[in-house]
Every structure is written in C-alpha cells, then in structure tokens.
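Participant: Contents of run_9.pdb (PDB, C-alpha atoms and all ligand atoms) are given next:
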```
ATOM      1  CA  MET A 172       7.035  21.811  14.372
ATOM      2  CA  ARG A 173       4.831  20.221  11.739
ATOM      3  CA  SER A 174       1.161  21.045  12.169
ATOM      4  CA  GLU A 175      -1.750  18.614  11.961
ATOM      5  CA  SER A 176      -2.841  20.186   8.687
ATOM      6  CA  THR A 177       0.574  19.334   7.221
ATOM      7  CA  LEU A 178       0.045  15.737   8.278
ATOM      8  CA  GLY A 179      -3.489  15.791   6.809
ATOM      9  CA  ARG A 180      -2.166  17.204   3.540
ATOM     10  CA  ALA A 181       0.558  14.551   3.394
ATOM     11  CA  VAL A 182      -2.103  11.851   3.890
ATOM     12  CA  LEU A 183      -4.245  13.290   1.098
ATOM     13  CA  VAL A 184      -1.334  13.661  -1.333
ATOM     14  CA  SER A 185       0.027  10.165  -0.674
ATOM     15  CA  VAL A 186      -3.427   8.537  -1.033
ATOM     16  CA  VAL A 187      -4.093  10.364  -4.328
ATOM     17  CA  ILE A 188      -0.681   9.411  -5.788
ATOM     18  CA  TYR A 189      -1.074   5.796  -4.622
ATOM     19  CA  ALA A 190      -4.609   5.401  -6.040
ATOM     20  CA  ALA A 191      -3.670   7.060  -9.349
ATOM     21  CA  LEU A 192      -0.655   4.761  -9.783
ATOM     22  CA  ILE A 193      -2.760   1.663  -8.997
ATOM     23  CA  ILE A 194      -5.096   2.642 -11.840
ATOM     24  CA  VAL A 195      -2.131   3.331 -14.164
ATOM     25  CA  PHE A 196      -0.559  -0.059 -13.346
ATOM     26  CA  THR A 197      -3.914  -1.789 -13.876
ATOM     27  CA  LEU A 198      -4.340  -0.228 -17.323
ATOM     28  CA  VAL A 199      -0.692  -0.821 -18.294
ATOM     29  CA  GLY A 200      -1.013  -4.441 -17.105
ATOM     30  CA  MET A 201      -4.091  -4.977 -19.265
ATOM     31  CA  ALA A 202      -2.220  -3.583 -22.279
ATOM     32  CA  ALA A 203       1.155  -5.228 -21.620
ATOM     33  CA  ALA A 204       0.323  -8.723 -20.343
ATOM     34  CA  PRO A 205       0.362 -11.568 -22.877
ATOM     35  CA  ALA A 206      -3.018 -13.241 -23.450
ATOM     36  CA  GLU A 207      -2.058 -16.341 -21.428
ATOM     37  CA  ALA A 208      -1.331 -14.123 -18.371
ATOM     38  CA  GLN A 209      -4.709 -12.336 -18.555
ATOM     39  CA  VAL A 210      -6.263 -14.738 -16.077
ATOM     40  CA  GLY A 211      -7.139 -12.353 -13.240
ATOM     41  CA  ALA A 212     -10.533 -13.329 -11.858
ATOM     42  CA  ALA A 213     -13.097 -11.608  -9.666
ATOM     43  CA  ARG A 214     -13.220 -12.824  -6.084
ATOM     44  CA  PRO A 215     -16.572 -14.496  -5.196
ATOM     45  CA  ALA A 216     -18.891 -11.787  -3.843
ATOM     46  CA  SER A 217     -19.285 -13.628  -0.526
ATOM     47  CA  ALA A 218     -15.518 -13.478   0.125
ATOM     48  CA  ILE A 219     -15.148  -9.733  -0.451
ATOM     49  CA  PRO A 220     -16.373  -8.382   2.927
ATOM     50  CA  VAL A 221     -14.189 -10.845   4.857
ATOM     51  CA  HIS A 222     -11.039 -10.051   2.894
ATOM     52  CA  LEU A 223     -11.713  -6.291   2.987
ATOM     53  CA  GLY A 224     -12.294  -6.562   6.728
ATOM     54  CA  GLU A 225      -8.939  -8.322   7.183
ATOM     55  CA  LEU A 226      -7.132  -5.660   5.134
ATOM     56  CA  VAL A 227      -8.768  -2.692   6.845
ATOM     57  CA  GLY A 228      -8.387  -4.284  10.280
ATOM     58  CA  PHE A 229      -4.687  -4.913   9.783
ATOM     59  CA  GLY A 230      -4.345  -1.381   8.365
ATOM     60  CA  PHE A 231      -5.812   0.039  11.578
ATOM     61  CA  LEU A 232      -3.315  -2.030  13.553
ATOM     62  CA  LEU A 233      -0.408  -0.645  11.477
ATOM     63  CA  GLY A 234      -1.753   2.917  11.789
ATOM     64  CA  GLY A 235      -2.067   2.390  15.532
ATOM     65  CA  LEU A 236       1.570   1.231  15.699
ATOM     66  CA  SER A 237       2.722   4.422  13.942
ATOM     67  CA  VAL A 238       0.673   6.543  16.310
ATOM     68  CA  VAL A 239       2.463   4.983  19.293
ATOM     69  CA  PHE A 240       5.243   7.390  18.304
ATOM     70  CA  TYR A 241       3.319  10.089  16.451
ATOM     71  CA  GLY A 242       1.103  10.720  19.440
ATOM     72  CA  ARG A 243      -2.628  11.238  19.692
ATOM     73  CA  LYS A 244      -2.682  14.304  17.445
ATOM     74  CA  ALA A 245      -1.689  12.170  14.471
ATOM     75  CA  LEU A 246      -5.164  10.745  13.810
ATOM     76  CA  PRO A 247      -4.829  11.228  10.021
ATOM     77  CA  ILE A 248      -2.262   8.393  10.100
ATOM     78  CA  ILE A 249      -4.777   5.984  11.663
ATOM     79  CA  ILE A 250      -7.130   6.747   8.767
ATOM     80  CA  ALA A 251      -4.432   6.769   6.066
ATOM     81  CA  THR A 252      -2.914   3.351   6.679
ATOM     82  CA  PRO A 253      -6.092   1.210   6.389
ATOM     83  CA  LEU A 254      -7.090   3.243   3.337
ATOM     84  CA  LEU A 255      -3.700   2.658   1.672
ATOM     85  CA  VAL A 256      -3.769  -1.034   2.606
ATOM     86  CA  ALA A 257      -7.247  -1.577   1.113
ATOM     87  CA  LEU A 258      -6.778   0.614  -1.992
ATOM     88  CA  LEU A 259      -4.310  -1.788  -3.615
ATOM     89  CA  ASP A 260      -7.196  -4.099  -4.534
ATOM     90  CA  LEU A 261      -8.513  -1.445  -6.931
ATOM     91  CA  ASP A 262      -6.371  -3.373  -9.418
ATOM     92  CA  HIS A 263      -9.015  -6.161  -9.447
ATOM     93  CA  LEU A 264     -11.710  -3.848 -10.833
ATOM     94  CA  PRO A 265     -11.547  -4.790 -14.555
ATOM     95  CA  ALA A 266     -12.316  -8.439 -13.703
ATOM     96  CA  TYR A 267     -15.471  -7.303 -11.869
ATOM     97  CA  ILE A 268     -16.799  -5.676 -15.019
ATOM     98  CA  GLY A 269     -15.923  -8.718 -17.096
ATOM     99  CA  LEU A 270     -12.702  -7.481 -18.726
ATOM    100  CA  ALA A 271      -9.612  -9.674 -19.217
ATOM    101  CA  GLN A 272      -6.770  -8.610 -16.958
ATOM    102  CA  PRO A 273      -3.587 -10.026 -15.446
ATOM    103  CA  ILE A 274      -3.595 -11.187 -11.802
ATOM    104  CA  ARG A 275      -2.963  -8.324  -9.307
ATOM    105  CA  PRO A 276      -1.119  -5.945 -11.679
ATOM    106  CA  ALA A 277      -0.373  -3.394  -8.924
ATOM    107  CA  HIS A 278       0.712  -5.983  -6.335
ATOM    108  CA  SER A 279       4.205  -5.513  -7.723
ATOM    109  CA  PHE A 280       7.588  -4.365  -6.472
ATOM    110  CA  VAL A 281       7.853  -2.193  -9.578
ATOM    111  CA  PHE A 282       4.626  -0.485  -8.476
ATOM    112  CA  ILE A 283       5.836   0.241  -4.944
ATOM    113  CA  MET A 284       9.205   1.546  -6.227
ATOM    114  CA  VAL A 285       7.413   3.966  -8.586
ATOM    115  CA  ALA A 286       5.004   5.008  -5.802
ATOM    116  CA  LEU A 287       7.914   5.660  -3.434
ATOM    117  CA  VAL A 288       9.779   7.769  -5.992
ATOM    118  CA  CYS A 289       6.693   9.840  -6.945
ATOM    119  CA  THR A 290       5.721  10.398  -3.311
ATOM    120  CA  ALA A 291       9.300  11.325  -2.373
ATOM    121  CA  ILE A 292       9.433  13.916  -5.158
ATOM    122  CA  VAL A 293       6.141  15.518  -4.076
ATOM    123  CA  LEU A 294       6.222  15.138  -0.279
ATOM    124  CA  ARG A 295       9.908  14.746   0.703
ATOM    125  CA  ARG A 296       8.925  12.949   3.916
ATOM    126  CA  LEU A 297      10.720   9.770   4.942
ATOM    127  CA  ASP A 298       7.934   8.857   7.383
ATOM    128  CA  PHE A 299       5.433   8.684   4.490
ATOM    129  CA  GLU A 300       7.804   6.544   2.428
ATOM    130  CA  LEU A 301       7.769   4.094   5.325
ATOM    131  CA  ILE A 302       3.977   4.296   5.672
ATOM    132  CA  LEU A 303       3.690   3.329   1.994
ATOM    133  CA  VAL A 304       6.119   0.419   2.450
ATOM    134  CA  SER A 305       4.157  -0.670   5.521
ATOM    135  CA  SER A 306       0.765  -0.472   3.768
ATOM    136  CA  PHE A 307       2.029  -2.307   0.677
ATOM    137  CA  THR A 308       3.839  -5.146   2.470
ATOM    138  CA  GLY A 309       0.955  -5.411   4.967
ATOM    139  CA  HIS A 310      -1.491  -5.925   2.087
ATOM    140  CA  LEU A 311       0.695  -8.564   0.394
ATOM    141  CA  GLY A 312       1.156 -10.309   3.752
ATOM    142  CA  ILE A 313      -2.635 -10.622   4.144
ATOM    143  CA  ASP A 314      -3.197 -11.807   0.558
ATOM    144  CA  GLN A 315      -2.843 -15.410  -0.577
ATOM    145  CA  GLY A 316      -2.310 -16.982  -3.978
ATOM    146  CA  LEU A 317      -0.516 -15.746  -7.064
ATOM    147  CA  PHE A 318       1.037 -12.398  -7.890
ATOM    148  CA  ALA A 319       3.474 -11.056 -10.484
ATOM    149  CA  PRO A 320       6.285  -9.458  -8.448
ATOM    150  CA  PHE A 321       7.658  -7.519 -11.439
ATOM    151  CA  SER A 322       4.418  -6.526 -13.222
ATOM    152  CA  PRO A 323       4.223  -4.896 -15.767
ATOM    153  CA  LEU A 324       7.799  -5.831 -16.776
ATOM    154  CA  SER A 325       7.093  -9.546 -16.320
ATOM    155  CA  PHE A 326       3.897 -11.517 -15.746
ATOM    156  CA  ASP A 327       5.587 -14.634 -14.370
ATOM    157  CA  TYR A 328       3.349 -15.524 -11.434
ATOM    158  CA  VAL A 329       4.704 -16.540  -8.047
ATOM    159  CA  GLN A 330       2.940 -17.904  -4.930
ATOM    160  CA  LEU A 331       2.673 -15.255  -2.202
ATOM    161  CA  ASP A 332       2.139 -17.680   0.657
ATOM    162  CA  PRO A 333       5.786 -18.518   1.544
ATOM    163  CA  TYR A 334       6.554 -14.792   1.888
ATOM    164  CA  ARG A 335       3.613 -13.790   4.089
ATOM    165  CA  ILE A 336       5.417 -13.782   7.457
ATOM    166  CA  PRO A 337       8.439 -11.718   6.276
ATOM    167  CA  LEU A 338       6.034  -9.309   4.521
ATOM    168  CA  LEU A 339       3.920  -8.872   7.657
ATOM    169  CA  LEU A 340       7.039  -8.338   9.781
ATOM    170  CA  CYS A 341       8.303  -5.735   7.296
ATOM    171  CA  SER A 342       4.955  -3.910   7.484
ATOM    172  CA  ILE A 343       5.020  -3.810  11.300
ATOM    173  CA  VAL A 344       8.648  -2.632  11.498
ATOM    174  CA  SER A 345       8.039   0.062   8.832
ATOM    175  CA  ALA A 346       4.948   1.349  10.665
ATOM    176  CA  LEU A 347       6.874   1.679  13.913
ATOM    177  CA  LEU A 348       9.888   3.230  12.192
ATOM    178  CA  ALA A 349       7.688   5.828  10.435
ATOM    179  CA  GLY A 350       6.396   7.098  13.766
ATOM    180  CA  TYR A 351       9.811   6.913  15.385
ATOM    181  CA  LEU A 352      11.507   8.981  12.642
ATOM    182  CA  TRP A 353       8.745  11.574  12.772
ATOM    183  CA  ARG A 354       9.076  11.922  16.526
ATOM    184  CA  ARG A 355      12.891  12.169  16.350
ATOM    185  CA  GLU A 356      12.676  14.816  13.629
ATOM    186  CA  ASN A 357      10.174  16.853  15.630
ATOM    187  CA  GLY A 358      12.265  16.530  18.788
ATOM    188  CA  ARG A 359      15.293  17.819  16.908
ATOM    189  CA  ARG A 360      13.379  20.809  15.539
ATOM    190  CA  ALA A 361      11.903  21.620  18.926
ATOM    191  CA  SER A 362      15.361  21.633  20.526
ATOM    192  CA  GLN A 363      16.889  23.912  17.892
TER
HETATM  193 ZN    ZN B 401      -4.730  -7.842  -2.781
END
```
Would you encode the structure as structure tokens?
Ligand SMILES: [Zn+2]
Facilitator:
Amino acid sequence: MRSESTLGRAVLVSVVIYAALIIVFTLVGMAAAPAEAQVGAARPASAIPVHLGELVGFGFLLGGLSVVFYGRKALPIIIATPLLVALLDLDHLPAYIGLAQPIRPAHSFVFIMVALVCTAIVLRRLDFELILVSSFTGHLGIDQGLFAPFSPLSFDYVQLDPYRIPLLLCSIVSALLAGYLWRRENGRRASQ
C-alpha cells in the first residue's frame, strides 16, 4: 500500500514540475508572441485578493472531493489542489513588473498537455494526472475574459466565459475520479 510519504512526494514533484513549466511557458510566450498579442495586463491590485480567494477556495473544494475517496490520511491532496489551482497565475508576473507579455501564456491546452506528459514520465500515477487536469480546468472555469488556448503555438485570443460551466464540471469529475482510482488501486493491492 502506498504510504503517506509517497503521496507527499508526489505532491511535491507535481507542484515543482507544474510551477517550472508555467515559468517556461511565460518566458516562451514573451519571446514567441507577436507584438500585437503582447497585451497582457496586470490585474488591479484591489481585485487580486478576491480572485486569489476564489481560486484557492475552489481548489480546497476540489481537494476535498478527492479526499472523499482518498480518506483522511490523504491531507497532502487537500493542500496540493489549491496550490496547483492558484499557481497558474504565475504567468501574469511579467506584467506586474512592467514587461510586455501575452495574455495568460500558461492558460493553454498545450501547457496542460506538456505538464501531463512530464508528470507522467516522472511520477507514473494516473491519480496525479487527474489532479492536474482538475486543477487546470478548475482555474480556467473560475477565470473570465480572454485566453490563448494554443499558446505558445498561436496567440489567437478566445473568450473563456462560454466554456466556464463545462470546465468547472470537468474539474469536479476529475477530482472525484482521481480519488476513486487511487482507492481502487489500493484495494486491489491490499487484496493481492
Ligand atoms: Zn488565471
């Protein structure tokens, strides 16, 4: 049976990979986006705590849904999901220090595909693939406004708003499925 330390290590590894790739996608976006797409702006300071609160709050909800199946010992998951949900906004940082950047360069399906592949290679855990999908789609479902779904391959911006409900549903189903798969796997091992 997997130990808590294994779960803690998986949380640490997935958070480090996710954060590193957000920074890579931010830098690549700044280099690759045409000048007319470099219109990413800093959010007004007064709006930051509210938006961060929404992201972290929804992350706790998703983590809590996973733990319905993982059980009480899986506290690292409750911490991991809000952290992963909130981290995606690291891709706004250049705008805060006055640098030109594209809008939300890591809020991209290319980004999540790369993150899933890298995490799969290192961790080989389907439950963590689903936690990443849940955190990513949960974040996009909370956001509003423009994003470039295929950044850094294309900086054609699309409105997020019509997709918010399907994204939020995807995040909830993935969070539940992550816990369910983990429990099924552990049950199978225990019965062997
Ligand atoms: Zn965002």
Participant: Residues up to 8 Å from ligand ZN 401 (chain B), counting all atoms listed in the file: could you list those as a PyMOL selection string?
Facilitator: chain A and resi 257+259-260+275+278+310-311+313-314
Participant: Can you measure atom CA of A:Pro265 to atom CA of A:Ser342 for me? One decimal in Å is fine.
Facilitator: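 Here the two named atoms are 27.5 Å from each other.
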Participant: Find the axis-aligned box for stretch 275-294 of chain A, covering all its listed atoms and adding 8 Å on each side, and write its centre and edge lengths in Å to one decimal as lines of an AutoDock Vina configuration file.
Facilitator:
```
center_x = 3.4
center_y = 3.6
center_z = -6.0
size_x = 28.7
size_y = 39.8
size_z = 27.4
```
Participant: Counting only C-alpha atoms, figure out which residue out of A:Val281, A:Ile274, A:Leu255, A:Ile343 gets nearest to A:Leu317.
Facilitator: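 The answer is A:Ile274, which sits nearest to A:Leu317.
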Participant: I would like the residues chosen by the PyMOL selection byres (((chain A and resi 286-297) around 9) and not hetatm) on the shown file; could you give them as an NGL selection string?
Facilitator: :A and (181 or 184-185 or 188-189 or 192 or 281-285 or 298-304 or 349 or 352-353)
Participant: What gap, in Å, lies between atom CA of A:Gln330 and atom CA of A:Phe318?
Facilitator: 6.5 Å
Participant: On this file, the PyMOL selection byres (((chain A and resi 254) around 9) and not hetatm) gives some set of residues; write that set as a list in words.
Facilitator: Val186, Val227, Gly230, Phe231, Ile250, Ala251, Thr252, Pro253, Leu255, Val256, Ala257, Leu258 and Ser306 of chain A
Participant: Under the PyMOL selection byres (((chain A and resi 334-337) around 8) and not hetatm), which residues of this model are included? Write them out as a PDB file with C-alpha atoms, in the frame of the given file.
Facilitator:
```
ATOM      1  CA  LEU A 311       0.695  -8.564   0.394  1.00  0.00           C
ATOM      2  CA  GLY A 312       1.156 -10.309   3.752  1.00  0.00           C
ATOM      3  CA  ILE A 313      -2.635 -10.622   4.144  1.00  0.00           C
ATOM      4  CA  ASP A 314      -3.197 -11.807   0.558  1.00  0.00           C
ATOM      5  CA  LEU A 331       2.673 -15.255  -2.202  1.00  0.00           C
ATOM      6  CA  ASP A 332       2.139 -17.680   0.657  1.00  0.00           C
ATOM      7  CA  PRO A 333       5.786 -18.518   1.544  1.00  0.00           C
ATOM      8  CA  LEU A 338       6.034  -9.309   4.521  1.00  0.00           C
ATOM      9  CA  LEU A 339       3.920  -8.872   7.657  1.00  0.00           C
ATOM     10  CA  LEU A 340       7.039  -8.338   9.781  1.00  0.00           C
ATOM     11  CA  CYS A 341       8.303  -5.735   7.296  1.00  0.00           C
TER      12      CYS A 341
END
```
Participant: Just how far from atom CA of A:Phe196 is atom CA of A:Gly211, in Å to one decimal?
Facilitator: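 It comes out at 13.9 Å.
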Participant: At a cut-off of 8 Å, can you tabulate as a tab-separated table every residue of stretch 182-249 of chain A near stretch 344-347 of chain A together with its closest atom pair and the distance in Å to one decimal, using all atoms listed in the file and ordering rows by chain then number?
Facilitator:
```
residue	atom	partner	partner_atom	distance
A:Leu233	CA	A:Ala346	CA	5.8
A:Gly234	CA	A:Ala346	CA	7.0
A:Leu236	CA	A:Leu347	CA	5.6
A:Ser237	CA	A:Leu347	CA	5.0
A:Val239	CA	A:Leu347	CA	7.7
A:Phe240	CA	A:Leu347	CA	7.4
```
Participant: Okay, now the selection with C-alpha atoms, as a PDB file, in the frame of the given file?
Facilitator:
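Saved the output as selection32.pdb:
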```
ATOM      1  CA  LEU A 233      -0.408  -0.645  11.477  1.00  0.00           C
ATOM      2  CA  GLY A 234      -1.753   2.917  11.789  1.00  0.00           C
ATOM      3  CA  LEU A 236       1.570   1.231  15.699  1.00  0.00           C
ATOM      4  CA  SER A 237       2.722   4.422  13.942  1.00  0.00           C
ATOM      5  CA  VAL A 239       2.463   4.983  19.293  1.00  0.00           C
ATOM      6  CA  PHE A 240       5.243   7.390  18.304  1.00  0.00           C
TER       7      PHE A 240
END
```
Participant: I need every residue sitting at most 12 Å from the point (-8.2, -3.0, -11.8) (coordinates as in the file, all atoms listed in the file considered), written as a ChimeraX atom specification.
Facilitator: /A:190-201,211-213,258-278
Participant: Identify which of the residues A:Gln209, A:Gly309, A:Leu183, A:Phe326 lies closest to A:Phe229, counting all atoms listed in the file when measuring atom-to-atom distances.
Facilitator: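 That would be A:Gly309, the residue with the smallest distance to A:Phe229.
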Participant: Would you list the residues near (1.1, -12.0, -20.0), meaning any protein, DNA or RNA residue with an atom at most 8 Å from that point in file coordinates, counting all atoms listed in the file, as an MDAnalysis selection string?
Facilitator: chainID A and resid 203:209 273 325:327
Participant: Tell me which of A:Ser217, A:Ala202, A:Leu178, A:Glu356 sits closest to A:Ser322, counting only C-alpha atoms.
Facilitator: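 Among the listed residues, A:Ala202 lies closest to A:Ser322.
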Participant: Taking all atoms listed in the file into account, name the residue in A:Gln315, A:Pro247, A:Tyr241, A:Arg180 that is nearest to A:His222.
Facilitator: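 For A:His222, the nearest of the given residues is A:Gln315.
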Participant: Kindly indicate which residue among A:Lys244, A:Arg214, A:Val182, A:Ile249 lies nearest to A:Gly228, using only C-alpha atoms for the distances.
Facilitator: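 For A:Gly228, the nearest of the candidates is A:Ile249.
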